[in-house]
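Everything below belongs to protein-v1.txt, which stores compact mmCIF, N, CA and C atoms.
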```
# COMPACT_ATOMS: atom_id res chain seq x y z
N MET A 296 34.34 14.93 85.70
CA MET A 296 35.66 15.17 85.16
C MET A 296 35.57 15.27 83.64
N GLU A 297 36.22 16.26 83.08
CA GLU A 297 36.22 16.50 81.65
C GLU A 297 37.12 15.47 80.96
N SER A 298 36.67 14.92 79.83
CA SER A 298 37.47 13.93 79.12
C SER A 298 38.61 14.62 78.38
N LYS A 299 39.71 13.89 78.25
CA LYS A 299 40.87 14.41 77.54
C LYS A 299 40.62 14.38 76.04
N ILE A 300 41.20 15.35 75.35
CA ILE A 300 41.17 15.36 73.89
C ILE A 300 42.52 14.82 73.43
N THR A 301 42.48 13.66 72.74
CA THR A 301 43.72 13.00 72.33
C THR A 301 43.68 12.63 70.86
N SER A 302 44.84 12.33 70.32
CA SER A 302 44.97 11.85 68.95
C SER A 302 46.19 10.93 68.88
N THR A 303 46.08 9.87 68.09
CA THR A 303 47.19 8.95 67.88
C THR A 303 47.25 8.60 66.39
N ILE A 304 48.44 8.67 65.82
CA ILE A 304 48.66 8.20 64.46
C ILE A 304 49.81 7.18 64.49
N ARG A 305 49.77 6.25 63.57
CA ARG A 305 50.84 5.24 63.49
C ARG A 305 51.25 5.11 62.03
N LEU A 306 52.55 5.13 61.79
CA LEU A 306 53.03 4.92 60.43
C LEU A 306 54.44 4.35 60.44
N ARG A 307 54.79 3.79 59.31
CA ARG A 307 56.11 3.18 59.15
C ARG A 307 57.08 4.20 58.57
N MET A 308 58.25 4.27 59.15
CA MET A 308 59.32 5.10 58.60
C MET A 308 59.89 4.39 57.38
N SER A 309 60.00 5.12 56.29
CA SER A 309 60.47 4.52 55.04
C SER A 309 61.95 4.83 54.80
N ALA A 310 62.49 4.24 53.76
CA ALA A 310 63.86 4.55 53.38
C ALA A 310 63.97 6.03 53.02
N HIS A 311 62.89 6.61 52.52
CA HIS A 311 62.87 8.04 52.21
C HIS A 311 63.05 8.90 53.47
N ASP A 312 62.57 8.41 54.62
CA ASP A 312 62.71 9.14 55.88
C ASP A 312 64.13 9.07 56.44
N ALA A 313 64.88 8.05 56.05
CA ALA A 313 66.24 7.89 56.55
C ALA A 313 67.11 9.00 55.99
N HIS A 314 67.77 9.71 56.89
CA HIS A 314 68.55 10.89 56.50
C HIS A 314 70.05 10.69 56.74
N TYR A 315 70.39 9.76 57.62
CA TYR A 315 71.78 9.55 58.01
C TYR A 315 72.20 8.12 57.74
N GLY A 316 73.51 7.86 57.87
CA GLY A 316 74.04 6.52 57.70
C GLY A 316 73.35 5.52 58.61
N GLY A 317 73.32 4.27 58.18
CA GLY A 317 72.69 3.23 58.97
C GLY A 317 71.18 3.31 58.99
N ASN A 318 70.60 4.03 58.02
CA ASN A 318 69.14 4.18 57.91
C ASN A 318 68.52 4.93 59.09
N LEU A 319 69.30 5.80 59.73
CA LEU A 319 68.81 6.60 60.85
C LEU A 319 67.89 7.71 60.34
N VAL A 320 66.73 7.83 61.00
CA VAL A 320 65.74 8.85 60.63
C VAL A 320 66.01 10.13 61.39
N ASP A 321 65.94 11.25 60.70
CA ASP A 321 66.13 12.57 61.28
C ASP A 321 65.10 12.82 62.39
N GLY A 322 65.53 13.33 63.53
CA GLY A 322 64.62 13.63 64.63
C GLY A 322 63.51 14.59 64.26
N ALA A 323 63.77 15.46 63.29
CA ALA A 323 62.75 16.41 62.86
C ALA A 323 61.53 15.69 62.30
N ARG A 324 61.68 14.46 61.85
CA ARG A 324 60.54 13.69 61.34
C ARG A 324 59.51 13.47 62.46
N MET A 325 59.99 13.27 63.70
CA MET A 325 59.07 13.10 64.83
C MET A 325 58.29 14.39 65.07
N LEU A 326 58.96 15.53 64.92
CA LEU A 326 58.26 16.81 65.09
C LEU A 326 57.21 17.01 64.01
N GLY A 327 57.48 16.54 62.81
CA GLY A 327 56.48 16.59 61.76
C GLY A 327 55.25 15.77 62.11
N LEU A 328 55.48 14.59 62.70
CA LEU A 328 54.35 13.77 63.15
C LEU A 328 53.56 14.48 64.25
N PHE A 329 54.28 15.11 65.17
CA PHE A 329 53.59 15.86 66.23
C PHE A 329 52.76 16.99 65.65
N GLY A 330 53.25 17.62 64.59
CA GLY A 330 52.48 18.67 63.92
C GLY A 330 51.18 18.13 63.35
N ASP A 331 51.23 16.93 62.77
CA ASP A 331 50.01 16.30 62.25
C ASP A 331 49.04 15.98 63.38
N VAL A 332 49.57 15.47 64.49
CA VAL A 332 48.72 15.17 65.66
C VAL A 332 48.09 16.46 66.19
N ALA A 333 48.90 17.52 66.29
CA ALA A 333 48.39 18.81 66.78
C ALA A 333 47.26 19.32 65.90
N THR A 334 47.41 19.18 64.58
CA THR A 334 46.37 19.62 63.66
C THR A 334 45.07 18.87 63.92
N GLU A 335 45.17 17.56 64.10
CA GLU A 335 43.95 16.78 64.38
C GLU A 335 43.33 17.21 65.71
N LEU A 336 44.16 17.43 66.72
CA LEU A 336 43.63 17.87 68.02
C LEU A 336 42.88 19.20 67.88
N LEU A 337 43.42 20.13 67.12
CA LEU A 337 42.75 21.42 66.94
C LEU A 337 41.45 21.27 66.16
N ILE A 338 41.43 20.40 65.17
CA ILE A 338 40.20 20.17 64.41
C ILE A 338 39.13 19.57 65.33
N ILE A 339 39.52 18.59 66.16
CA ILE A 339 38.57 17.98 67.09
C ILE A 339 38.03 19.04 68.06
N ASN A 340 38.91 19.86 68.59
CA ASN A 340 38.52 20.83 69.62
C ASN A 340 37.84 22.07 69.05
N ASP A 341 38.34 22.57 67.92
CA ASP A 341 37.92 23.89 67.43
C ASP A 341 37.31 23.89 66.04
N GLY A 342 37.37 22.78 65.33
CA GLY A 342 36.86 22.77 63.97
C GLY A 342 37.74 23.56 63.00
N ASP A 343 39.02 23.75 63.36
CA ASP A 343 39.94 24.51 62.53
C ASP A 343 41.35 23.96 62.74
N GLU A 344 42.17 24.03 61.69
CA GLU A 344 43.53 23.50 61.77
C GLU A 344 44.43 24.31 62.70
N GLY A 345 44.15 25.58 62.90
CA GLY A 345 44.97 26.41 63.78
C GLY A 345 46.40 26.55 63.30
N LEU A 346 47.25 27.05 64.18
CA LEU A 346 48.67 27.30 63.88
C LEU A 346 49.52 26.81 65.04
N PHE A 347 50.63 26.16 64.71
CA PHE A 347 51.58 25.73 65.75
C PHE A 347 52.51 26.89 66.01
N CYS A 348 52.53 27.40 67.24
CA CYS A 348 53.36 28.56 67.58
C CYS A 348 54.79 28.18 67.95
N ALA A 349 54.93 27.25 68.92
CA ALA A 349 56.26 26.95 69.41
C ALA A 349 56.27 25.67 70.23
N TYR A 350 57.41 24.99 70.19
CA TYR A 350 57.68 23.92 71.15
C TYR A 350 58.38 24.57 72.33
N ASP A 351 58.01 24.18 73.55
CA ASP A 351 58.75 24.69 74.70
C ASP A 351 59.70 23.63 75.26
N ASN A 352 59.56 22.39 74.78
CA ASN A 352 60.47 21.33 75.20
C ASN A 352 60.45 20.21 74.16
N VAL A 353 61.62 19.71 73.80
CA VAL A 353 61.74 18.56 72.91
C VAL A 353 62.86 17.68 73.44
N GLU A 354 62.58 16.38 73.57
CA GLU A 354 63.58 15.42 74.02
C GLU A 354 63.64 14.27 73.02
N PHE A 355 64.80 14.06 72.41
CA PHE A 355 65.02 12.90 71.56
C PHE A 355 65.65 11.83 72.44
N LEU A 356 64.96 10.71 72.62
CA LEU A 356 65.35 9.74 73.64
C LEU A 356 65.96 8.46 73.10
N ASN A 357 65.55 8.04 71.91
CA ASN A 357 66.06 6.81 71.30
C ASN A 357 66.06 6.95 69.79
N PRO A 358 66.94 6.23 69.09
CA PRO A 358 67.01 6.37 67.63
C PRO A 358 65.81 5.73 66.94
N VAL A 359 65.51 6.27 65.76
CA VAL A 359 64.47 5.75 64.89
C VAL A 359 65.13 5.40 63.56
N PHE A 360 64.78 4.23 63.01
CA PHE A 360 65.38 3.76 61.77
C PHE A 360 64.31 3.49 60.72
N ALA A 361 64.72 3.51 59.47
CA ALA A 361 63.81 3.12 58.39
C ALA A 361 63.28 1.72 58.70
N GLY A 362 61.99 1.54 58.53
CA GLY A 362 61.35 0.25 58.82
C GLY A 362 60.65 0.22 60.17
N ASP A 363 61.01 1.13 61.07
CA ASP A 363 60.33 1.21 62.37
C ASP A 363 58.91 1.72 62.19
N TYR A 364 57.99 1.16 62.96
CA TYR A 364 56.63 1.71 63.05
C TYR A 364 56.59 2.63 64.26
N ILE A 365 56.17 3.85 64.03
CA ILE A 365 56.12 4.86 65.08
C ILE A 365 54.67 5.24 65.35
N GLU A 366 54.33 5.28 66.62
CA GLU A 366 53.02 5.73 67.06
C GLU A 366 53.22 7.10 67.71
N ALA A 367 52.59 8.12 67.15
CA ALA A 367 52.70 9.48 67.69
C ALA A 367 51.39 9.83 68.39
N TYR A 368 51.50 10.19 69.65
CA TYR A 368 50.35 10.48 70.50
C TYR A 368 50.42 11.93 70.97
N GLY A 369 49.28 12.55 71.08
CA GLY A 369 49.24 13.90 71.63
C GLY A 369 47.95 14.13 72.37
N GLU A 370 48.00 15.08 73.28
CA GLU A 370 46.79 15.48 73.99
C GLU A 370 46.84 16.96 74.32
N ILE A 371 45.67 17.56 74.35
CA ILE A 371 45.56 18.96 74.78
C ILE A 371 45.59 18.96 76.30
N THR A 372 46.49 19.74 76.87
CA THR A 372 46.63 19.79 78.32
C THR A 372 46.04 21.04 78.94
N SER A 373 45.85 22.09 78.12
CA SER A 373 45.31 23.34 78.63
C SER A 373 44.70 24.12 77.49
N ILE A 374 43.54 24.74 77.76
CA ILE A 374 42.83 25.52 76.74
C ILE A 374 42.66 26.94 77.24
N GLY A 375 43.24 27.90 76.49
CA GLY A 375 43.06 29.32 76.79
C GLY A 375 42.05 29.92 75.82
N ASN A 376 41.99 31.24 75.76
CA ASN A 376 41.07 31.90 74.83
C ASN A 376 41.34 31.49 73.38
N SER A 377 42.60 31.52 72.99
CA SER A 377 42.94 31.07 71.64
C SER A 377 44.11 30.08 71.64
N SER A 378 44.80 29.95 72.75
CA SER A 378 45.94 29.04 72.83
C SER A 378 45.51 27.66 73.31
N ARG A 379 46.25 26.67 72.84
CA ARG A 379 46.03 25.27 73.21
C ARG A 379 47.39 24.68 73.53
N LYS A 380 47.63 24.36 74.80
CA LYS A 380 48.88 23.70 75.18
C LYS A 380 48.72 22.21 74.98
N MET A 381 49.79 21.58 74.48
CA MET A 381 49.73 20.16 74.15
C MET A 381 51.00 19.46 74.58
N LYS A 382 50.87 18.15 74.80
CA LYS A 382 52.06 17.32 75.02
C LYS A 382 52.01 16.16 74.05
N PHE A 383 53.19 15.68 73.68
CA PHE A 383 53.32 14.66 72.64
C PHE A 383 54.30 13.58 73.08
N GLU A 384 54.10 12.38 72.53
CA GLU A 384 55.05 11.30 72.74
C GLU A 384 55.06 10.42 71.50
N ALA A 385 56.24 10.07 71.02
CA ALA A 385 56.40 9.15 69.89
C ALA A 385 57.03 7.87 70.41
N ARG A 386 56.43 6.75 70.01
CA ARG A 386 56.88 5.45 70.49
C ARG A 386 57.13 4.51 69.32
N LYS A 387 58.22 3.78 69.40
CA LYS A 387 58.50 2.72 68.41
C LYS A 387 57.73 1.49 68.87
N VAL A 388 56.87 0.94 67.99
CA VAL A 388 56.04 -0.21 68.37
C VAL A 388 56.38 -1.47 67.58
N ILE A 389 57.00 -1.32 66.42
CA ILE A 389 57.46 -2.44 65.60
C ILE A 389 58.83 -2.08 65.06
N ALA A 390 59.75 -3.04 65.07
CA ALA A 390 61.11 -2.80 64.57
C ALA A 390 61.50 -3.90 63.58
N PRO A 391 62.22 -3.53 62.52
CA PRO A 391 62.69 -4.53 61.56
C PRO A 391 63.75 -5.44 62.19
N ARG A 392 63.87 -6.66 61.65
CA ARG A 392 64.86 -7.63 62.13
C ARG A 392 65.71 -8.11 60.96
N PRO A 393 66.59 -7.24 60.44
CA PRO A 393 67.42 -7.63 59.29
C PRO A 393 68.38 -8.77 59.62
N ASP A 394 68.61 -9.03 60.92
CA ASP A 394 69.48 -10.14 61.31
C ASP A 394 68.83 -11.50 61.01
N ILE A 395 67.49 -11.51 60.88
CA ILE A 395 66.77 -12.74 60.55
C ILE A 395 66.63 -12.86 59.04
N ASN A 396 66.02 -11.83 58.41
CA ASN A 396 65.96 -11.73 56.95
C ASN A 396 65.49 -10.31 56.61
N ASP A 397 65.47 -10.00 55.31
CA ASP A 397 65.22 -8.62 54.91
C ASP A 397 63.77 -8.16 55.07
N SER A 398 62.84 -9.06 55.42
CA SER A 398 61.46 -8.65 55.62
C SER A 398 60.92 -9.00 57.01
N ALA A 399 61.78 -9.48 57.89
CA ALA A 399 61.35 -9.84 59.25
C ALA A 399 61.21 -8.60 60.12
N CYS A 400 60.18 -8.60 60.96
CA CYS A 400 59.94 -7.52 61.92
C CYS A 400 59.41 -8.11 63.22
N ASP A 401 59.58 -7.39 64.31
CA ASP A 401 59.04 -7.80 65.60
C ASP A 401 58.11 -6.72 66.13
N VAL A 402 56.94 -7.15 66.64
CA VAL A 402 56.12 -6.26 67.45
C VAL A 402 56.81 -6.22 68.80
N LEU A 403 57.15 -5.04 69.26
CA LEU A 403 57.89 -4.92 70.51
C LEU A 403 56.98 -5.23 71.70
N PRO A 404 57.50 -5.96 72.70
CA PRO A 404 56.67 -6.30 73.86
C PRO A 404 56.23 -5.05 74.63
N GLU A 405 57.07 -4.04 74.63
CA GLU A 405 56.76 -2.74 75.23
C GLU A 405 57.22 -1.67 74.25
N PRO A 406 56.38 -0.69 73.97
CA PRO A 406 56.83 0.40 73.09
C PRO A 406 58.07 1.10 73.66
N ILE A 407 58.92 1.57 72.75
CA ILE A 407 60.11 2.33 73.15
C ILE A 407 59.84 3.80 72.86
N VAL A 408 59.88 4.63 73.89
CA VAL A 408 59.66 6.07 73.71
C VAL A 408 60.89 6.64 73.00
N VAL A 409 60.65 7.25 71.84
CA VAL A 409 61.75 7.80 71.05
C VAL A 409 61.83 9.32 71.14
N CYS A 410 60.71 9.98 71.46
CA CYS A 410 60.70 11.44 71.53
C CYS A 410 59.52 11.90 72.38
N ARG A 411 59.75 12.96 73.15
CA ARG A 411 58.69 13.66 73.89
C ARG A 411 58.81 15.14 73.61
N ALA A 412 57.68 15.81 73.61
CA ALA A 412 57.69 17.26 73.38
C ALA A 412 56.44 17.88 73.98
N SER A 413 56.50 19.18 74.14
CA SER A 413 55.31 19.95 74.52
C SER A 413 55.39 21.28 73.78
N GLY A 414 54.20 21.84 73.52
CA GLY A 414 54.17 23.08 72.77
C GLY A 414 52.81 23.75 72.82
N THR A 415 52.73 24.85 72.11
CA THR A 415 51.51 25.66 72.10
C THR A 415 51.06 25.93 70.67
N CYS A 416 49.76 25.76 70.47
CA CYS A 416 49.11 26.09 69.20
C CYS A 416 48.09 27.18 69.46
N VAL A 417 47.68 27.86 68.39
CA VAL A 417 46.70 28.94 68.50
C VAL A 417 45.63 28.74 67.43
N VAL A 418 44.39 28.97 67.84
CA VAL A 418 43.27 29.04 66.91
C VAL A 418 42.65 30.41 67.11
N PRO A 419 42.77 31.30 66.12
CA PRO A 419 42.17 32.64 66.27
C PRO A 419 40.68 32.53 66.62
N LYS A 420 40.21 33.44 67.46
CA LYS A 420 38.83 33.43 67.95
C LYS A 420 37.82 33.34 66.80
N ASP A 421 38.08 34.08 65.71
CA ASP A 421 37.12 34.11 64.61
C ASP A 421 37.07 32.79 63.81
N LYS A 422 37.99 31.86 64.10
CA LYS A 422 38.00 30.59 63.40
C LYS A 422 37.55 29.43 64.29
N GLN A 423 37.31 29.68 65.55
CA GLN A 423 36.89 28.63 66.48
C GLN A 423 35.42 28.31 66.27
N ARG A 424 35.14 27.03 66.08
CA ARG A 424 33.76 26.60 65.94
C ARG A 424 33.34 25.70 67.09
N GLY A 425 34.28 25.36 67.98
CA GLY A 425 33.95 24.53 69.15
C GLY A 425 33.56 23.12 68.79
N LYS A 426 33.30 22.35 69.85
CA LYS A 426 32.93 20.93 69.67
C LYS A 426 31.47 20.82 69.35
```
For the file at hand, write its structure as structure tokens.
Amino acid sequence: MESKITSTIRLRMSAHDAHYGGNLVDGARMLGLFGDVATELLIINDGDEGLFCAYDNVEFLNPVFAGDYIEAYGEITSIGNSSRKMKFEARKVIAPRPDINDSACDVLPEPIVVCRASGTCVVPKDKQRGK
């Protein structure tokens, strides 16, 4: 069985990421994280950053706030001549606890899925260097 090609990044959403009242982070920020994950997947697979063509599905499932730690995961699900189909999931793994004090946070017992997506990237044949 062929091993999966995966990538995971984790980072904290800052006050700069908050776009709406109540420190709510714009959903497009999750898509930006998925773009970073996709780039790493293409580098691992092809030795090139490639190009993100399109999302075919995006689901925003739970809110993200400034102070949340988000883990963005992706994997290549299908490899064509130049296309690479991928799926992504963003999970909240740490959340701030302003009800306790201004620096309190909790590691969540179970990650909360905040966004899922799938899409297609392309690496032109002349730029593919393989694994």
Members of chain A assigned helix (DSSP H, G or I) by DSSP, as an NGL selection string: :A and (316-318 or 323-341 or 420-422)
Just the selected residues (N, CA and C atoms), exported as a tab-separated table (two decimals), keeping the file's coordinate frame, please.
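Okay, this is what ended up in selection-v9.tsv:
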```
chain	number	residue	atom	x	y	z
A	316	GLY	N	73.51	7.86	57.87
A	316	GLY	CA	74.04	6.52	57.70
A	316	GLY	C	73.35	5.52	58.61
A	317	GLY	N	73.32	4.27	58.18
A	317	GLY	CA	72.69	3.23	58.97
A	317	GLY	C	71.18	3.31	58.99
A	318	ASN	N	70.60	4.03	58.02
A	318	ASN	CA	69.14	4.18	57.91
A	318	ASN	C	68.52	4.93	59.09
A	323	ALA	N	63.77	15.46	63.29
A	323	ALA	CA	62.75	16.41	62.86
A	323	ALA	C	61.53	15.69	62.30
A	324	ARG	N	61.68	14.46	61.85
A	324	ARG	CA	60.54	13.69	61.34
A	324	ARG	C	59.51	13.47	62.46
A	325	MET	N	59.99	13.27	63.70
A	325	MET	CA	59.07	13.10	64.83
A	325	MET	C	58.29	14.39	65.07
A	326	LEU	N	58.96	15.53	64.92
A	326	LEU	CA	58.26	16.81	65.09
A	326	LEU	C	57.21	17.01	64.01
A	327	GLY	N	57.48	16.54	62.81
A	327	GLY	CA	56.48	16.59	61.76
A	327	GLY	C	55.25	15.77	62.11
A	328	LEU	N	55.48	14.59	62.70
A	328	LEU	CA	54.35	13.77	63.15
A	328	LEU	C	53.56	14.48	64.25
A	329	PHE	N	54.28	15.11	65.17
A	329	PHE	CA	53.59	15.86	66.23
A	329	PHE	C	52.76	16.99	65.65
A	330	GLY	N	53.25	17.62	64.59
A	330	GLY	CA	52.48	18.67	63.92
A	330	GLY	C	51.18	18.13	63.35
A	331	ASP	N	51.23	16.93	62.77
A	331	ASP	CA	50.01	16.30	62.25
A	331	ASP	C	49.04	15.98	63.38
A	332	VAL	N	49.57	15.47	64.49
A	332	VAL	CA	48.72	15.17	65.66
A	332	VAL	C	48.09	16.46	66.19
A	333	ALA	N	48.90	17.52	66.29
A	333	ALA	CA	48.39	18.81	66.78
A	333	ALA	C	47.26	19.32	65.90
A	334	THR	N	47.41	19.18	64.58
A	334	THR	CA	46.37	19.62	63.66
A	334	THR	C	45.07	18.87	63.92
A	335	GLU	N	45.17	17.56	64.10
A	335	GLU	CA	43.95	16.78	64.38
A	335	GLU	C	43.33	17.21	65.71
A	336	LEU	N	44.16	17.43	66.72
A	336	LEU	CA	43.63	17.87	68.02
A	336	LEU	C	42.88	19.20	67.88
A	337	LEU	N	43.42	20.13	67.12
A	337	LEU	CA	42.75	21.42	66.94
A	337	LEU	C	41.45	21.27	66.16
A	338	ILE	N	41.43	20.40	65.17
A	338	ILE	CA	40.20	20.17	64.41
A	338	ILE	C	39.13	19.57	65.33
A	339	ILE	N	39.52	18.59	66.16
A	339	ILE	CA	38.57	17.98	67.09
A	339	ILE	C	38.03	19.04	68.06
A	340	ASN	N	38.91	19.86	68.59
A	340	ASN	CA	38.52	20.83	69.62
A	340	ASN	C	37.84	22.07	69.05
A	341	ASP	N	38.34	22.57	67.92
A	341	ASP	CA	37.92	23.89	67.43
A	341	ASP	C	37.31	23.89	66.04
A	420	LYS	N	40.21	33.44	67.46
A	420	LYS	CA	38.83	33.43	67.95
A	420	LYS	C	37.82	33.34	66.80
A	421	ASP	N	38.08	34.08	65.71
A	421	ASP	CA	37.12	34.11	64.61
A	421	ASP	C	37.07	32.79	63.81
A	422	LYS	N	37.99	31.86	64.10
A	422	LYS	CA	38.00	30.59	63.40
A	422	LYS	C	37.55	29.43	64.29
```
Spatial neighbours of Val332 (chain A), max dist 8 Å, only N, CA and C atoms, sep filter under 6 positions, as a ChimeraX atom specification: /A:301-304,326,338,367-370
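As for CA of Pro393 (chain A) and atom C of Gly327 (chain A), they are spaced 26.5 Å apart.
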Proximity to Gly414 (chain A) - best of A:Ile300, A:Leu319, A:Ala333, A:Ala313, only C-alpha atoms: A:Ala333
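The two atoms in question, atom N of Gly342 (chain A) and atom N of Arg424 (chain A), are spaced 4.9 Å apart.
Among A:Ala412, A:Ser298, A:Ile339, A:Asp394, the residue with the shortest atom-to-atom distance to Gly322 (chain A), counting only C-alpha atoms, is A:Ala412.
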Contacts of Cys410 (chain A) within 6 Å, all atoms listed in the file, excl. fewer than 5 positions in-chain, as a VMD selection string: chain A and resid 354 to 357 383 to 386
For the selection just defined, write its residues with N, CA and C atoms to a file, as an mmCIF file, keeping the file's coordinate frame.
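Listed below is the output, out.cif:
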```
data_model
loop_
_atom_site.group_PDB
_atom_site.id
_atom_site.type_symbol
_atom_site.label_atom_id
_atom_site.label_comp_id
_atom_site.auth_asym_id
_atom_site.auth_seq_id
_atom_site.Cartn_x
_atom_site.Cartn_y
_atom_site.Cartn_z
ATOM 1 N N GLU A 354 62.580 16.380 73.570
ATOM 2 C CA GLU A 354 63.580 15.420 74.020
ATOM 3 C C GLU A 354 63.640 14.270 73.020
ATOM 4 N N PHE A 355 64.800 14.060 72.410
ATOM 5 C CA PHE A 355 65.020 12.900 71.560
ATOM 6 C C PHE A 355 65.650 11.830 72.440
ATOM 7 N N LEU A 356 64.960 10.710 72.620
ATOM 8 C CA LEU A 356 65.350 9.740 73.640
ATOM 9 C C LEU A 356 65.960 8.460 73.100
ATOM 10 N N ASN A 357 65.550 8.040 71.910
ATOM 11 C CA ASN A 357 66.060 6.810 71.300
ATOM 12 C C ASN A 357 66.060 6.950 69.790
ATOM 13 N N PHE A 383 53.190 15.680 73.680
ATOM 14 C CA PHE A 383 53.320 14.660 72.640
ATOM 15 C C PHE A 383 54.300 13.580 73.080
ATOM 16 N N GLU A 384 54.100 12.380 72.530
ATOM 17 C CA GLU A 384 55.050 11.300 72.740
ATOM 18 C C GLU A 384 55.060 10.420 71.500
ATOM 19 N N ALA A 385 56.240 10.070 71.020
ATOM 20 C CA ALA A 385 56.400 9.150 69.890
ATOM 21 C C ALA A 385 57.030 7.870 70.410
ATOM 22 N N ARG A 386 56.430 6.750 70.010
ATOM 23 C CA ARG A 386 56.880 5.450 70.490
ATOM 24 C C ARG A 386 57.130 4.510 69.320
#
```
N, CA, C and O atoms modelled onto region 299-312 of chain A, as a PDB file, keeping the file's coordinate frame:
```
ATOM      1  N   LYS A 299      39.710  13.890  78.250  1.00  0.00           N
ATOM      2  CA  LYS A 299      40.870  14.410  77.540  1.00  0.00           C
ATOM      3  C   LYS A 299      40.620  14.380  76.040  1.00  0.00           C
ATOM      4  O   LYS A 299      39.949  13.497  75.526  1.00  0.00           O
ATOM      5  N   ILE A 300      41.200  15.350  75.350  1.00  0.00           N
ATOM      6  CA  ILE A 300      41.170  15.360  73.890  1.00  0.00           C
ATOM      7  C   ILE A 300      42.520  14.820  73.430  1.00  0.00           C
ATOM      8  O   ILE A 300      43.565  15.405  73.725  1.00  0.00           O
ATOM      9  N   THR A 301      42.480  13.660  72.740  1.00  0.00           N
ATOM     10  CA  THR A 301      43.720  13.000  72.330  1.00  0.00           C
ATOM     11  C   THR A 301      43.680  12.630  70.860  1.00  0.00           C
ATOM     12  O   THR A 301      42.608  12.592  70.236  1.00  0.00           O
ATOM     13  N   SER A 302      44.840  12.330  70.320  1.00  0.00           N
ATOM     14  CA  SER A 302      44.970  11.850  68.950  1.00  0.00           C
ATOM     15  C   SER A 302      46.190  10.930  68.880  1.00  0.00           C
ATOM     16  O   SER A 302      47.197  11.186  69.541  1.00  0.00           O
ATOM     17  N   THR A 303      46.080   9.870  68.090  1.00  0.00           N
ATOM     18  CA  THR A 303      47.190   8.950  67.880  1.00  0.00           C
ATOM     19  C   THR A 303      47.250   8.600  66.390  1.00  0.00           C
ATOM     20  O   THR A 303      46.221   8.279  65.793  1.00  0.00           O
ATOM     21  N   ILE A 304      48.440   8.670  65.820  1.00  0.00           N
ATOM     22  CA  ILE A 304      48.660   8.200  64.460  1.00  0.00           C
ATOM     23  C   ILE A 304      49.810   7.180  64.490  1.00  0.00           C
ATOM     24  O   ILE A 304      50.672   7.248  65.373  1.00  0.00           O
ATOM     25  N   ARG A 305      49.770   6.250  63.570  1.00  0.00           N
ATOM     26  CA  ARG A 305      50.840   5.240  63.490  1.00  0.00           C
ATOM     27  C   ARG A 305      51.250   5.110  62.030  1.00  0.00           C
ATOM     28  O   ARG A 305      50.397   4.990  61.157  1.00  0.00           O
ATOM     29  N   LEU A 306      52.550   5.130  61.790  1.00  0.00           N
ATOM     30  CA  LEU A 306      53.030   4.920  60.430  1.00  0.00           C
ATOM     31  C   LEU A 306      54.440   4.350  60.440  1.00  0.00           C
ATOM     32  O   LEU A 306      55.149   4.427  61.446  1.00  0.00           O
ATOM     33  N   ARG A 307      54.790   3.790  59.310  1.00  0.00           N
ATOM     34  CA  ARG A 307      56.110   3.180  59.150  1.00  0.00           C
ATOM     35  C   ARG A 307      57.080   4.200  58.570  1.00  0.00           C
ATOM     36  O   ARG A 307      56.763   4.896  57.600  1.00  0.00           O
ATOM     37  N   MET A 308      58.250   4.270  59.150  1.00  0.00           N
ATOM     38  CA  MET A 308      59.320   5.100  58.600  1.00  0.00           C
ATOM     39  C   MET A 308      59.890   4.390  57.380  1.00  0.00           C
ATOM     40  O   MET A 308      60.197   3.204  57.433  1.00  0.00           O
ATOM     41  N   SER A 309      60.000   5.120  56.290  1.00  0.00           N
ATOM     42  CA  SER A 309      60.470   4.520  55.040  1.00  0.00           C
ATOM     43  C   SER A 309      61.950   4.830  54.800  1.00  0.00           C
ATOM     44  O   SER A 309      62.554   5.628  55.536  1.00  0.00           O
ATOM     45  N   ALA A 310      62.490   4.240  53.760  1.00  0.00           N
ATOM     46  CA  ALA A 310      63.860   4.550  53.380  1.00  0.00           C
ATOM     47  C   ALA A 310      63.970   6.030  53.020  1.00  0.00           C
ATOM     48  O   ALA A 310      65.011   6.644  53.236  1.00  0.00           O
ATOM     49  N   HIS A 311      62.890   6.610  52.520  1.00  0.00           N
ATOM     50  CA  HIS A 311      62.870   8.040  52.210  1.00  0.00           C
ATOM     51  C   HIS A 311      63.050   8.900  53.470  1.00  0.00           C
ATOM     52  O   HIS A 311      63.604   9.993  53.400  1.00  0.00           O
ATOM     53  N   ASP A 312      62.570   8.410  54.620  1.00  0.00           N
ATOM     54  CA  ASP A 312      62.710   9.140  55.880  1.00  0.00           C
ATOM     55  C   ASP A 312      64.130   9.070  56.440  1.00  0.00           C
ATOM     56  O   ASP A 312      64.512   9.911  57.242  1.00  0.00           O
TER      57      ASP A 312
END
```
